[in-house]
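To keep things clear, I will list the structure first and then write my remarks on it.
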Amino acid sequence: MQISLKNVKNIATTASDCLIMTVNPSLSGPLAQQLDSACGGAIGKILKVGDFQGKLAETVMLPICDGVKATRIMLVGTGDAPLTVSDYDKIIKATVTALNRTRCKSALWCAENLAISDRADTWVLQRLAQQMTLASYQYRKTLSNPKPGMSLQRLSVAAPVTAANKAAIAAGSAIGEGTNLARELGNLPANICTPTYLAEQAQALNKKYPALKVTVLEEKKMQQLGMGALLSVSAGSDQPAKLIVMEYTGTTKSTAPHVLVGKGITFDTGGISLKPGAKMDEMKFDMCGAASVFGTMETICQLGPKVNVVGIVAASENMPSGRATKPGDVVTSMSGQTIEILNTDAEGRLVLCDALTFAAKFKPASIIDIATLTGACVVALGKHAAGLFSNSDDFAQELLSAGQAAQDRAWHMPLWDDYQTQLDSNFADMANIGGPEAGSVTAACFLSRFTKDQRWAHLDIAGAAWDGGAAKGATGRPVALLSQYLLSKAGQ
Ligand code: BES
Ligand code: MN
Ligand code: ZN
């Protein structure tokens, strides 16, 4: 979707397939009044009759009107100020639903009375661009007859064409597109989206953005590097593991990069510690951390901020077979630390620990890993917040703020030494599970042993990464949080 700003002098004489006007119950606001007079007081009348009352997220289409150049007029209620962010999202969602009942190709967004608590005007524009871009996404790849997609192709936004407003629209669109890429990769079935497929997607990104440097490490190379933990996960699979590295250079080469490391388990059966059958299909989403790294790289490449970013994806399947790792097996990680694999279903931390050790070679300014790591995190936080763990409280604070700003929130969880002993093993330097208590914390404790000298954070997105039920599908989170953080590092 193309979203652009438009300096509109008179909304009545501006052409479009649909003029979208936000209206509050008292019809206050100069634009709404201008429109009301242009169509002979029709808005005032409909408010009086009560068929449309200007309530939050209420919509109505007005009949074609002579005094107005647009083909249609849609009124969208805002209710009474002040609005919350979720009120605003409801307004946008209702607009999209109403638009989708038409076949409009272009629309003009005229908003007023949209003051949102604690949010700048530029944020309001950015959110619109992001939400409209998200609304344009539809999964089609494996459907013979997908439902017709959104017909809207161009959205003009009536607002001053200033540098700040332009940047806001660009950021919102790019974050929306990055999120859509993450959703698509997450939604693809595991028989298509294999580690090899993910490696090809990195090459495709490189084709789109030639300045992006892409390297794919094969199993042989990982063996040479001593990645015994990562390779223990792919051992049972016929699909070779891939370690995918994407380097974006937006500022001087000597500037330390921010590194993102994504868990890319393209299917998690649990391995020999086989998962139960119910909902096992959802384990195709076990690469959503990786998908968020791809999505964030897309956003960053589109916006070109002055920051260096390295995206690393540890891609593997977790399958049972005669060659699969068995409970009790001991492996040596790239760091030299040995691990007793008591449960092959705790595989995410095994691929991540070697990817995190590998990441240190970039001498990062910060490292964030993103993973659908534990069912325990879903129990603790549900789908609304990602679990955030860090060895630096001020880094955690930065990421919490980025999540708050992007409305893609995380919640700070403890990473106290007290939990570390749960990983004790008689046969290796550590076990890969820490027992039934505080499962998301012990998973993070495990990772912390591979990031000691780094400014590191871990986002457990097991709850946030996908929705179930009728709207089953990947959410693309936390592309918005990560992009917000990286843009803030570039001073944007
Ligand atoms: N990918 C799963 C975590 C998961 C489960 C995410 C359900 C979302 C929904 C992960 O690999 C896993 O299996 N974790 C185990 C760890 C346990 C064996 C210590 C879990 O959470 O049960
Ligand atoms: Mn697992
Ligand atoms: Zn997993």
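Please note that chains go A, B, ... in the order of the structure tokens, that every chain numbers its residues from 1, and that ligands are numbered from 1 in the order shown.
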
With the cut-off set at 7 Å and counting only C-alpha atoms and all ligand atoms, tabulate each residue of chain A with an atom at most that distance from an atom of ligand 1, showing the nearest atom pair and its distance in Å to one decimal, ordered by chain and increasing number, as CSV.
residue,atom,partner,partner_atom_place_in_ligand_line,distance
A:Asp268,CA,ligand 1,1 (N),6.2
A:Gly270,CA,ligand 1,13 (O),6.0
A:Met283,CA,ligand 1,1 (N),6.5
A:Asp286,CA,ligand 1,1 (N),5.3
A:Asn343,CA,ligand 1,18 (C),5.7
A:Asp345,CA,ligand 1,13 (O),4.5
A:Ala346,CA,ligand 1,16 (C),4.3
A:Glu347,CA,ligand 1,11 (O),5.3
A:Gly348,CA,ligand 1,11 (O),5.2
A:Thr372,CA,ligand 1,6 (C),4.9
A:Leu373,CA,ligand 1,3 (C),4.6
A:Thr374,CA,ligand 1,21 (O),3.6
A:Gly375,CA,ligand 1,21 (O),3.6
A:Ala376,CA,ligand 1,21 (O),5.5
A:Val378,CA,ligand 1,8 (C),6.9
A:Ile433,CA,ligand 1,19 (C),5.0
A:Gly434,CA,ligand 1,19 (C),6.8
A:Gly435,CA,ligand 1,19 (C),6.9
A:Gly439,CA,ligand 1,19 (C),6.2
A:Ala462,CA,ligand 1,8 (C),4.2
A:Gly463,CA,ligand 1,8 (C),6.3

Write the residues of the preceding selection, restricted to N, CA and C atoms, as a short mmCIF file (atom, residue, chain, number, x, y, z; two decimals), in the first residue's frame.
data_model
loop_
_atom_site.label_atom_id
_atom_site.label_comp_id
_atom_site.auth_asym_id
_atom_site.auth_seq_id
_atom_site.Cartn_x
_atom_site.Cartn_y
_atom_site.Cartn_z
N ASP A 268 9.17 -27.90 15.30
CA ASP A 268 9.61 -28.47 16.57
C ASP A 268 8.70 -29.63 16.97
N GLY A 270 9.74 -31.73 19.10
CA GLY A 270 10.24 -32.11 20.42
C GLY A 270 11.43 -33.05 20.30
N MET A 283 3.71 -25.76 15.97
CA MET A 283 5.18 -25.69 16.08
C MET A 283 5.86 -25.33 14.76
N ASP A 286 7.58 -22.06 15.30
CA ASP A 286 8.73 -22.02 16.20
C ASP A 286 9.94 -21.31 15.58
N ASN A 343 16.36 -33.08 27.92
CA ASN A 343 15.09 -33.05 27.19
C ASN A 343 15.36 -32.45 25.80
N ASP A 345 13.34 -31.55 23.75
CA ASP A 345 12.36 -30.53 23.38
C ASP A 345 12.81 -29.13 23.85
N ALA A 346 13.84 -29.08 24.66
CA ALA A 346 14.40 -27.77 25.03
C ALA A 346 15.53 -27.47 24.04
N GLU A 347 15.15 -27.38 22.76
CA GLU A 347 16.12 -27.28 21.67
C GLU A 347 16.44 -25.83 21.30
N GLY A 348 15.53 -24.92 21.60
CA GLY A 348 15.74 -23.52 21.19
C GLY A 348 17.02 -22.97 21.81
N THR A 372 10.71 -18.12 20.42
CA THR A 372 9.52 -18.78 20.96
C THR A 372 10.06 -19.88 21.87
N LEU A 373 10.55 -19.47 23.04
CA LEU A 373 11.42 -20.38 23.79
C LEU A 373 10.70 -21.33 24.75
N THR A 374 9.70 -20.82 25.47
CA THR A 374 9.10 -21.69 26.50
C THR A 374 7.57 -21.56 26.59
N GLY A 375 6.93 -22.71 26.77
CA GLY A 375 5.51 -22.72 27.08
C GLY A 375 5.28 -22.00 28.41
N ALA A 376 6.25 -22.05 29.29
CA ALA A 376 6.12 -21.41 30.61
C ALA A 376 5.93 -19.90 30.48
N VAL A 378 4.25 -18.45 28.12
CA VAL A 378 2.84 -18.25 27.76
C VAL A 378 1.98 -18.33 29.01
N ILE A 433 17.71 -28.28 30.86
CA ILE A 433 16.42 -27.90 31.46
C ILE A 433 16.62 -27.67 32.95
N GLY A 434 15.70 -26.89 33.52
CA GLY A 434 15.84 -26.53 34.93
C GLY A 434 14.66 -26.95 35.78
N GLY A 435 13.94 -27.97 35.33
CA GLY A 435 12.81 -28.46 36.12
C GLY A 435 11.56 -27.64 35.92
N GLY A 439 10.07 -21.99 34.35
CA GLY A 439 10.67 -22.50 33.12
C GLY A 439 11.21 -21.43 32.18
N ALA A 462 7.09 -16.65 22.99
CA ALA A 462 6.25 -17.85 22.81
C ALA A 462 4.75 -17.49 22.80
N GLY A 463 4.35 -16.49 23.58
CA GLY A 463 2.94 -16.11 23.62
C GLY A 463 2.59 -15.07 22.57
#

Next item on the list: For segment 475-479 of chain A, list every protein, DNA or RNA residue within 8 Å, evaluated using only C-alpha atoms, and leave out those in the same chain fewer than 4 positions away; present the list as JSON, numbers by chain.
Entry: {"A": [175, 178, 179, 180, 181, 182, 183, 186, 288, 291, 292, 293, 295, 296, 408, 461, 464, 465, 466, 467, 483]}

Resulting file, chosen residues, N, CA and C atoms, as a PDB file, in the first residue's frame:
ATOM      1  N   ILE A 175       7.795  -0.341   9.065  1.00  0.00           N
ATOM      2  CA  ILE A 175       7.589  -1.279  10.181  1.00  0.00           C
ATOM      3  C   ILE A 175       6.437  -2.228   9.826  1.00  0.00           C
ATOM      4  N   GLY A 178       7.839  -4.756   7.292  1.00  0.00           N
ATOM      5  CA  GLY A 178       8.721  -5.707   7.986  1.00  0.00           C
ATOM      6  C   GLY A 178       7.898  -6.713   8.787  1.00  0.00           C
ATOM      7  N   THR A 179       6.869  -6.205   9.448  1.00  0.00           N
ATOM      8  CA  THR A 179       5.999  -7.084  10.234  1.00  0.00           C
ATOM      9  C   THR A 179       5.267  -8.061   9.321  1.00  0.00           C
ATOM     10  N   ASN A 180       4.816  -7.575   8.169  1.00  0.00           N
ATOM     11  CA  ASN A 180       4.132  -8.466   7.224  1.00  0.00           C
ATOM     12  C   ASN A 180       5.056  -9.564   6.703  1.00  0.00           C
ATOM     13  N   LEU A 181       6.319  -9.225   6.491  1.00  0.00           N
ATOM     14  CA  LEU A 181       7.280 -10.256   6.058  1.00  0.00           C
ATOM     15  C   LEU A 181       7.420 -11.322   7.152  1.00  0.00           C
ATOM     16  N   ALA A 182       7.517 -10.863   8.393  1.00  0.00           N
ATOM     17  CA  ALA A 182       7.637 -11.815   9.508  1.00  0.00           C
ATOM     18  C   ALA A 182       6.382 -12.690   9.603  1.00  0.00           C
ATOM     19  N   ARG A 183       5.222 -12.096   9.373  1.00  0.00           N
ATOM     20  CA  ARG A 183       3.977 -12.876   9.428  1.00  0.00           C
ATOM     21  C   ARG A 183       3.960 -13.935   8.342  1.00  0.00           C
ATOM     22  N   GLY A 186       6.291 -16.743   9.110  1.00  0.00           N
ATOM     23  CA  GLY A 186       5.735 -17.521  10.212  1.00  0.00           C
ATOM     24  C   GLY A 186       4.580 -18.403   9.759  1.00  0.00           C
ATOM     25  N   CYS A 288       9.404 -18.097  14.589  1.00  0.00           N
ATOM     26  CA  CYS A 288       8.943 -16.700  14.562  1.00  0.00           C
ATOM     27  C   CYS A 288       9.997 -15.716  15.082  1.00  0.00           C
ATOM     28  N   ALA A 291      11.842 -15.128  12.063  1.00  0.00           N
ATOM     29  CA  ALA A 291      11.014 -14.307  11.164  1.00  0.00           C
ATOM     30  C   ALA A 291      11.077 -12.836  11.570  1.00  0.00           C
ATOM     31  N   SER A 292      11.120 -12.581  12.883  1.00  0.00           N
ATOM     32  CA  SER A 292      11.178 -11.186  13.337  1.00  0.00           C
ATOM     33  C   SER A 292      12.532 -10.555  13.004  1.00  0.00           C
ATOM     34  N   VAL A 293      13.568 -11.375  12.930  1.00  0.00           N
ATOM     35  CA  VAL A 293      14.874 -10.841  12.513  1.00  0.00           C
ATOM     36  C   VAL A 293      14.818 -10.461  11.026  1.00  0.00           C
ATOM     37  N   GLY A 295      12.128  -9.682   9.357  1.00  0.00           N
ATOM     38  CA  GLY A 295      11.226  -8.533   9.250  1.00  0.00           C
ATOM     39  C   GLY A 295      11.928  -7.240   9.638  1.00  0.00           C
ATOM     40  N   THR A 296      12.695  -7.292  10.721  1.00  0.00           N
ATOM     41  CA  THR A 296      13.391  -6.087  11.187  1.00  0.00           C
ATOM     42  C   THR A 296      14.464  -5.672  10.182  1.00  0.00           C
ATOM     43  N   ASP A 408       4.230  -2.495  21.332  1.00  0.00           N
ATOM     44  CA  ASP A 408       4.604  -3.900  21.101  1.00  0.00           C
ATOM     45  C   ASP A 408       5.379  -4.259  22.368  1.00  0.00           C
ATOM     46  N   ILE A 461       9.136 -14.853  23.056  1.00  0.00           N
ATOM     47  CA  ILE A 461       7.906 -14.442  22.350  1.00  0.00           C
ATOM     48  C   ILE A 461       6.952 -15.617  22.132  1.00  0.00           C
ATOM     49  N   ALA A 464       3.517 -14.166  22.277  1.00  0.00           N
ATOM     50  CA  ALA A 464       3.223 -13.007  21.431  1.00  0.00           C
ATOM     51  C   ALA A 464       3.311 -13.304  19.934  1.00  0.00           C
ATOM     52  N   ALA A 465       4.007 -14.378  19.560  1.00  0.00           N
ATOM     53  CA  ALA A 465       4.373 -14.565  18.153  1.00  0.00           C
ATOM     54  C   ALA A 465       3.229 -14.965  17.239  1.00  0.00           C
ATOM     55  N   TRP A 466       2.245 -15.656  17.795  1.00  0.00           N
ATOM     56  CA  TRP A 466       1.119 -16.004  16.926  1.00  0.00           C
ATOM     57  C   TRP A 466      -0.185 -16.033  17.704  1.00  0.00           C
ATOM     58  N   ASP A 467      -1.286 -15.859  16.964  1.00  0.00           N
ATOM     59  CA  ASP A 467      -2.629 -15.930  17.533  1.00  0.00           C
ATOM     60  C   ASP A 467      -3.237 -17.278  17.187  1.00  0.00           C
ATOM     61  N   SER A 483      12.538  -2.634  15.727  1.00  0.00           N
ATOM     62  CA  SER A 483      12.786  -1.517  14.800  1.00  0.00           C
ATOM     63  C   SER A 483      12.849  -0.204  15.567  1.00  0.00           C
TER      64      SER A 483
END

Note to self: For Ala211 of chain A, find every residue with an atom within 10 Å (counting only C-alpha atoms), except residues of its own chain fewer than 4 positions away, and show them as a PyMOL selection string.
What the structure shows: chain A and resi 205-207+247-250+301

Output the selection as a CSV table (one decimal), in the first residue's frame - N, CA, C and O atoms for each residue.
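Below is the file that was written, out.csv:
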chain,number,residue,atom,x,y,z
A,205,LEU,N,16.5,-11.1,0.1
A,205,LEU,CA,16.6,-9.7,0.8
A,205,LEU,C,17.9,-9.0,0.2
A,205,LEU,O,17.9,-7.8,0.0
A,206,ASN,N,18.9,-9.8,0.0
A,206,ASN,CA,20.2,-9.3,-0.5
A,206,ASN,C,20.0,-8.8,-1.9
A,206,ASN,O,20.6,-7.8,-2.4
A,207,LYS,N,19.1,-9.5,-2.7
A,207,LYS,CA,18.9,-9.1,-4.1
A,207,LYS,C,18.1,-7.7,-4.1
A,207,LYS,O,18.4,-6.9,-4.9
A,247,GLU,N,24.2,-8.6,7.3
A,247,GLU,CA,24.8,-7.5,7.8
A,247,GLU,C,24.4,-6.2,7.1
A,247,GLU,O,24.6,-6.1,5.9
A,248,TYR,N,23.8,-5.3,7.9
A,248,TYR,CA,23.4,-4.0,7.4
A,248,TYR,C,24.4,-2.9,7.9
A,248,TYR,O,24.6,-2.8,9.2
A,249,THR,N,25.0,-2.2,7.0
A,249,THR,CA,25.9,-1.1,7.5
A,249,THR,C,25.4,0.2,7.1
A,249,THR,O,25.3,0.6,6.0
A,250,GLY,N,24.9,0.9,8.2
A,250,GLY,CA,24.3,2.2,7.9
A,250,GLY,C,25.2,3.4,8.4
A,250,GLY,O,24.9,4.6,8.2
A,301,CYS,N,16.5,-1.9,6.3
A,301,CYS,CA,17.0,-1.7,4.9
A,301,CYS,C,16.1,-0.7,4.2
A,301,CYS,O,16.6,0.2,3.4

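When atom CA of Lys93 of chain A is paired with atom CA of Ile116 of chain A, their separation reads 16.2 Å.
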
Next item on the list: Please provide the set of residues having any atom within 10 Å of Thr142 of chain A, restricted to only C-alpha atoms, with same-chain residues fewer than 3 positions apart removed, written as a list in words.
Entry: Tyr139, Asn145, Pro146, Leu188, Pro189 and Ile192 of chain A

Within 12 Å of Gln397 of chain A, counting only C-alpha atoms, which residues show up once you throw out same-chain ones fewer than 3 positions away? Write them as a PDB file with N, CA, C and O atoms, in the first residue's frame, please.
ATOM      1  N   LEU A 388      10.907 -10.359  28.877  1.00  0.00           N
ATOM      2  CA  LEU A 388      12.202  -9.714  28.633  1.00  0.00           C
ATOM      3  C   LEU A 388      13.161 -10.038  29.766  1.00  0.00           C
ATOM      4  O   LEU A 388      12.848  -9.835  30.941  1.00  0.00           O
ATOM      5  N   PHE A 389      14.307 -10.557  29.404  1.00  0.00           N
ATOM      6  CA  PHE A 389      15.355 -10.907  30.373  1.00  0.00           C
ATOM      7  C   PHE A 389      16.628 -10.221  29.912  1.00  0.00           C
ATOM      8  O   PHE A 389      16.913 -10.190  28.713  1.00  0.00           O
ATOM      9  N   SER A 390      17.405  -9.688  30.857  1.00  0.00           N
ATOM     10  CA  SER A 390      18.655  -9.057  30.443  1.00  0.00           C
ATOM     11  C   SER A 390      19.673  -9.083  31.566  1.00  0.00           C
ATOM     12  O   SER A 390      19.302  -9.090  32.746  1.00  0.00           O
ATOM     13  N   ASN A 391      20.955  -9.091  31.185  1.00  0.00           N
ATOM     14  CA  ASN A 391      22.007  -8.997  32.198  1.00  0.00           C
ATOM     15  C   ASN A 391      22.352  -7.539  32.502  1.00  0.00           C
ATOM     16  O   ASN A 391      23.285  -7.262  33.237  1.00  0.00           O
ATOM     17  N   SER A 392      21.576  -6.601  31.910  1.00  0.00           N
ATOM     18  CA  SER A 392      21.792  -5.181  32.179  1.00  0.00           C
ATOM     19  C   SER A 392      20.434  -4.513  32.382  1.00  0.00           C
ATOM     20  O   SER A 392      19.596  -4.508  31.479  1.00  0.00           O
ATOM     21  N   ASP A 393      20.228  -3.948  33.562  1.00  0.00           N
ATOM     22  CA  ASP A 393      18.926  -3.339  33.837  1.00  0.00           C
ATOM     23  C   ASP A 393      18.661  -2.125  32.962  1.00  0.00           C
ATOM     24  O   ASP A 393      17.523  -1.873  32.571  1.00  0.00           O
ATOM     25  N   ASP A 394      19.707  -1.366  32.636  1.00  0.00           N
ATOM     26  CA  ASP A 394      19.394  -0.196  31.811  1.00  0.00           C
ATOM     27  C   ASP A 394      19.133  -0.583  30.356  1.00  0.00           C
ATOM     28  O   ASP A 394      18.334   0.061  29.676  1.00  0.00           O
ATOM     29  N   LEU A 400      12.193  -1.970  27.081  1.00  0.00           N
ATOM     30  CA  LEU A 400      10.818  -1.790  27.569  1.00  0.00           C
ATOM     31  C   LEU A 400      10.234  -0.509  26.981  1.00  0.00           C
ATOM     32  O   LEU A 400       9.078  -0.483  26.547  1.00  0.00           O
ATOM     33  N   SER A 401      11.039   0.555  26.960  1.00  0.00           N
ATOM     34  CA  SER A 401      10.567   1.835  26.421  1.00  0.00           C
ATOM     35  C   SER A 401      10.279   1.729  24.927  1.00  0.00           C
ATOM     36  O   SER A 401       9.284   2.288  24.444  1.00  0.00           O
ATOM     37  N   ALA A 402      11.162   1.016  24.204  1.00  0.00           N
ATOM     38  CA  ALA A 402      10.929   0.847  22.767  1.00  0.00           C
ATOM     39  C   ALA A 402       9.606   0.105  22.547  1.00  0.00           C
ATOM     40  O   ALA A 402       8.816   0.461  21.670  1.00  0.00           O
ATOM     41  N   GLY A 403       9.358  -0.894  23.359  1.00  0.00           N
ATOM     42  CA  GLY A 403       8.117  -1.666  23.249  1.00  0.00           C
ATOM     43  C   GLY A 403       6.902  -0.817  23.561  1.00  0.00           C
ATOM     44  O   GLY A 403       5.858  -0.922  22.907  1.00  0.00           O
ATOM     45  N   GLN A 404       7.055   0.041  24.560  1.00  0.00           N
ATOM     46  CA  GLN A 404       5.963   0.937  24.942  1.00  0.00           C
ATOM     47  C   GLN A 404       5.681   1.920  23.799  1.00  0.00           C
ATOM     48  O   GLN A 404       4.535   2.128  23.417  1.00  0.00           O
ATOM     49  N   ARG A 409       4.614  -4.557  23.419  1.00  0.00           N
ATOM     50  CA  ARG A 409       5.205  -4.465  24.744  1.00  0.00           C
ATOM     51  C   ARG A 409       5.855  -5.742  25.261  1.00  0.00           C
ATOM     52  O   ARG A 409       5.463  -6.846  24.911  1.00  0.00           O
ATOM     53  N   ALA A 410       6.829  -5.526  26.133  1.00  0.00           N
ATOM     54  CA  ALA A 410       7.519  -6.614  26.815  1.00  0.00           C
ATOM     55  C   ALA A 410       7.404  -6.370  28.314  1.00  0.00           C
ATOM     56  O   ALA A 410       7.067  -5.257  28.751  1.00  0.00           O
ATOM     57  N   TRP A 411       7.669  -7.404  29.101  1.00  0.00           N
ATOM     58  CA  TRP A 411       7.606  -7.295  30.556  1.00  0.00           C
ATOM     59  C   TRP A 411       8.892  -7.846  31.141  1.00  0.00           C
ATOM     60  O   TRP A 411       9.340  -8.923  30.747  1.00  0.00           O
ATOM     61  N   HIS A 412       9.487  -7.078  32.036  1.00  0.00           N
ATOM     62  CA  HIS A 412      10.800  -7.431  32.593  1.00  0.00           C
ATOM     63  C   HIS A 412      10.678  -8.580  33.592  1.00  0.00           C
ATOM     64  O   HIS A 412       9.965  -8.471  34.585  1.00  0.00           O
ATOM     65  N   MET A 413      11.376  -9.648  33.327  1.00  0.00           N
ATOM     66  CA  MET A 413      11.354 -10.842  34.174  1.00  0.00           C
ATOM     67  C   MET A 413      12.701 -10.964  34.897  1.00  0.00           C
ATOM     68  O   MET A 413      13.713 -10.434  34.439  1.00  0.00           O
ATOM     69  N   ALA A 457      20.158  -9.083  25.834  1.00  0.00           N
ATOM     70  CA  ALA A 457      18.764  -9.262  26.282  1.00  0.00           C
ATOM     71  C   ALA A 457      18.140 -10.409  25.507  1.00  0.00           C
ATOM     72  O   ALA A 457      18.534 -10.706  24.377  1.00  0.00           O
ATOM     73  N   TYR A 485      13.683   0.252  18.643  1.00  0.00           N
ATOM     74  CA  TYR A 485      14.954   0.286  19.385  1.00  0.00           C
ATOM     75  C   TYR A 485      16.108   0.680  18.464  1.00  0.00           C
ATOM     76  O   TYR A 485      16.902   1.567  18.786  1.00  0.00           O
TER      77      TYR A 485
END

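For the set A:Asn113, A:Thr95, A:Gln492, A:Thr266, the residue with the smallest atom-to-atom gap to Leu152 of chain A is A:Thr95, counting only C-alpha atoms.
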
Checklist line | For Thr451 of chain A: contacts at 9 Å, only C-alpha atoms, fewer than 3 positions along chain excluded, given as a ChimeraX atom specification | finding: /A:353,356-357,360,367,391,447-448,454-456

Preceding selection exported with C-alpha atoms as a short mmCIF file (atom, residue, chain, number, x, y, z; two decimals), in the first residue's frame:
data_model
loop_
_atom_site.label_atom_id
_atom_site.label_comp_id
_atom_site.auth_asym_id
_atom_site.auth_seq_id
_atom_site.Cartn_x
_atom_site.Cartn_y
_atom_site.Cartn_z
CA CYS A 353 23.70 -20.70 22.65
CA LEU A 356 25.12 -16.21 20.64
CA THR A 357 28.74 -17.34 21.00
CA ALA A 360 30.36 -12.18 19.87
CA ILE A 367 22.83 -8.45 21.43
CA ASN A 391 22.01 -9.00 32.20
CA LEU A 447 21.36 -18.41 27.61
CA SER A 448 22.99 -15.99 30.04
CA GLN A 454 27.87 -8.84 26.33
CA ARG A 455 25.18 -6.21 26.70
CA TRP A 456 22.52 -8.85 26.12
#

Next item on the list: Determine which residues of segment 187-295 of chain A receive a DSSP assignment of strand (DSSP E or B), computed from the backbone, and state them as number ranges by chain.
Entry: A: 213-217, 242-249, 258-268

Could you please write out, as a PDB file with C-alpha atoms, in the first residue's frame, every residue of segment 12-100 of chain A that DSSP assigns to helix (DSSP H, G or I)?
ATOM      1  CA  ALA A  12     -14.688  18.945  -0.367  1.00  0.00           C
ATOM      2  CA  THR A  13     -12.858  19.602  -3.638  1.00  0.00           C
ATOM      3  CA  PRO A  30     -12.998  22.640  11.348  1.00  0.00           C
ATOM      4  CA  LEU A  31     -12.637  19.892   8.738  1.00  0.00           C
ATOM      5  CA  ALA A  32     -15.802  18.035   9.742  1.00  0.00           C
ATOM      6  CA  GLN A  33     -17.685  21.315   9.690  1.00  0.00           C
ATOM      7  CA  GLN A  34     -16.260  22.264   6.315  1.00  0.00           C
ATOM      8  CA  LEU A  35     -17.437  18.907   4.974  1.00  0.00           C
ATOM      9  CA  ASP A  36     -20.821  19.258   6.645  1.00  0.00           C
ATOM     10  CA  SER A  37     -21.496  22.567   4.918  1.00  0.00           C
ATOM     11  CA  ALA A  38     -20.255  21.212   1.570  1.00  0.00           C
ATOM     12  CA  ALA A  42     -25.854  16.002   5.997  1.00  0.00           C
ATOM     13  CA  ILE A  43     -23.484  15.103   8.838  1.00  0.00           C
ATOM     14  CA  GLY A  44     -25.332  17.248  11.349  1.00  0.00           C
ATOM     15  CA  LYS A  45     -28.593  15.657  10.206  1.00  0.00           C
ATOM     16  CA  ILE A  46     -27.429  12.086  10.528  1.00  0.00           C
ATOM     17  CA  LEU A  47     -26.084  12.816  14.004  1.00  0.00           C
ATOM     18  CA  LYS A  48     -29.442  14.309  14.910  1.00  0.00           C
ATOM     19  CA  VAL A  49     -31.421  11.382  13.532  1.00  0.00           C
ATOM     20  CA  VAL A  85      -3.884   3.825  21.806  1.00  0.00           C
ATOM     21  CA  SER A  86      -6.260   0.883  21.707  1.00  0.00           C
ATOM     22  CA  ASP A  87      -9.193   3.248  20.953  1.00  0.00           C
ATOM     23  CA  TYR A  88      -7.189   4.559  18.021  1.00  0.00           C
ATOM     24  CA  ASP A  89      -6.469   1.050  16.784  1.00  0.00           C
ATOM     25  CA  LYS A  90     -10.204   0.297  16.975  1.00  0.00           C
ATOM     26  CA  ILE A  91     -10.930   3.379  14.841  1.00  0.00           C
ATOM     27  CA  ILE A  92      -8.450   2.264  12.193  1.00  0.00           C
ATOM     28  CA  LYS A  93      -9.709  -1.316  12.257  1.00  0.00           C
ATOM     29  CA  ALA A  94     -13.344  -0.212  11.834  1.00  0.00           C
ATOM     30  CA  THR A  95     -12.287   1.992   8.919  1.00  0.00           C
ATOM     31  CA  VAL A  96     -10.560  -0.931   7.236  1.00  0.00           C
ATOM     32  CA  THR A  97     -13.604  -3.184   7.745  1.00  0.00           C
ATOM     33  CA  ALA A  98     -15.879  -0.562   6.187  1.00  0.00           C
ATOM     34  CA  LEU A  99     -13.447   0.087   3.323  1.00  0.00           C
ATOM     35  CA  ASN A 100     -13.291  -3.626   2.596  1.00  0.00           C
TER      36      ASN A 100
END

Notebook entry, point to check: Which of these, A:Lys69, A:Arg154, A:Lys55, A:Lys306, has the shortest distance to Ala490 of chain A once you count only C-alpha atoms?
Noted result: A:Lys306
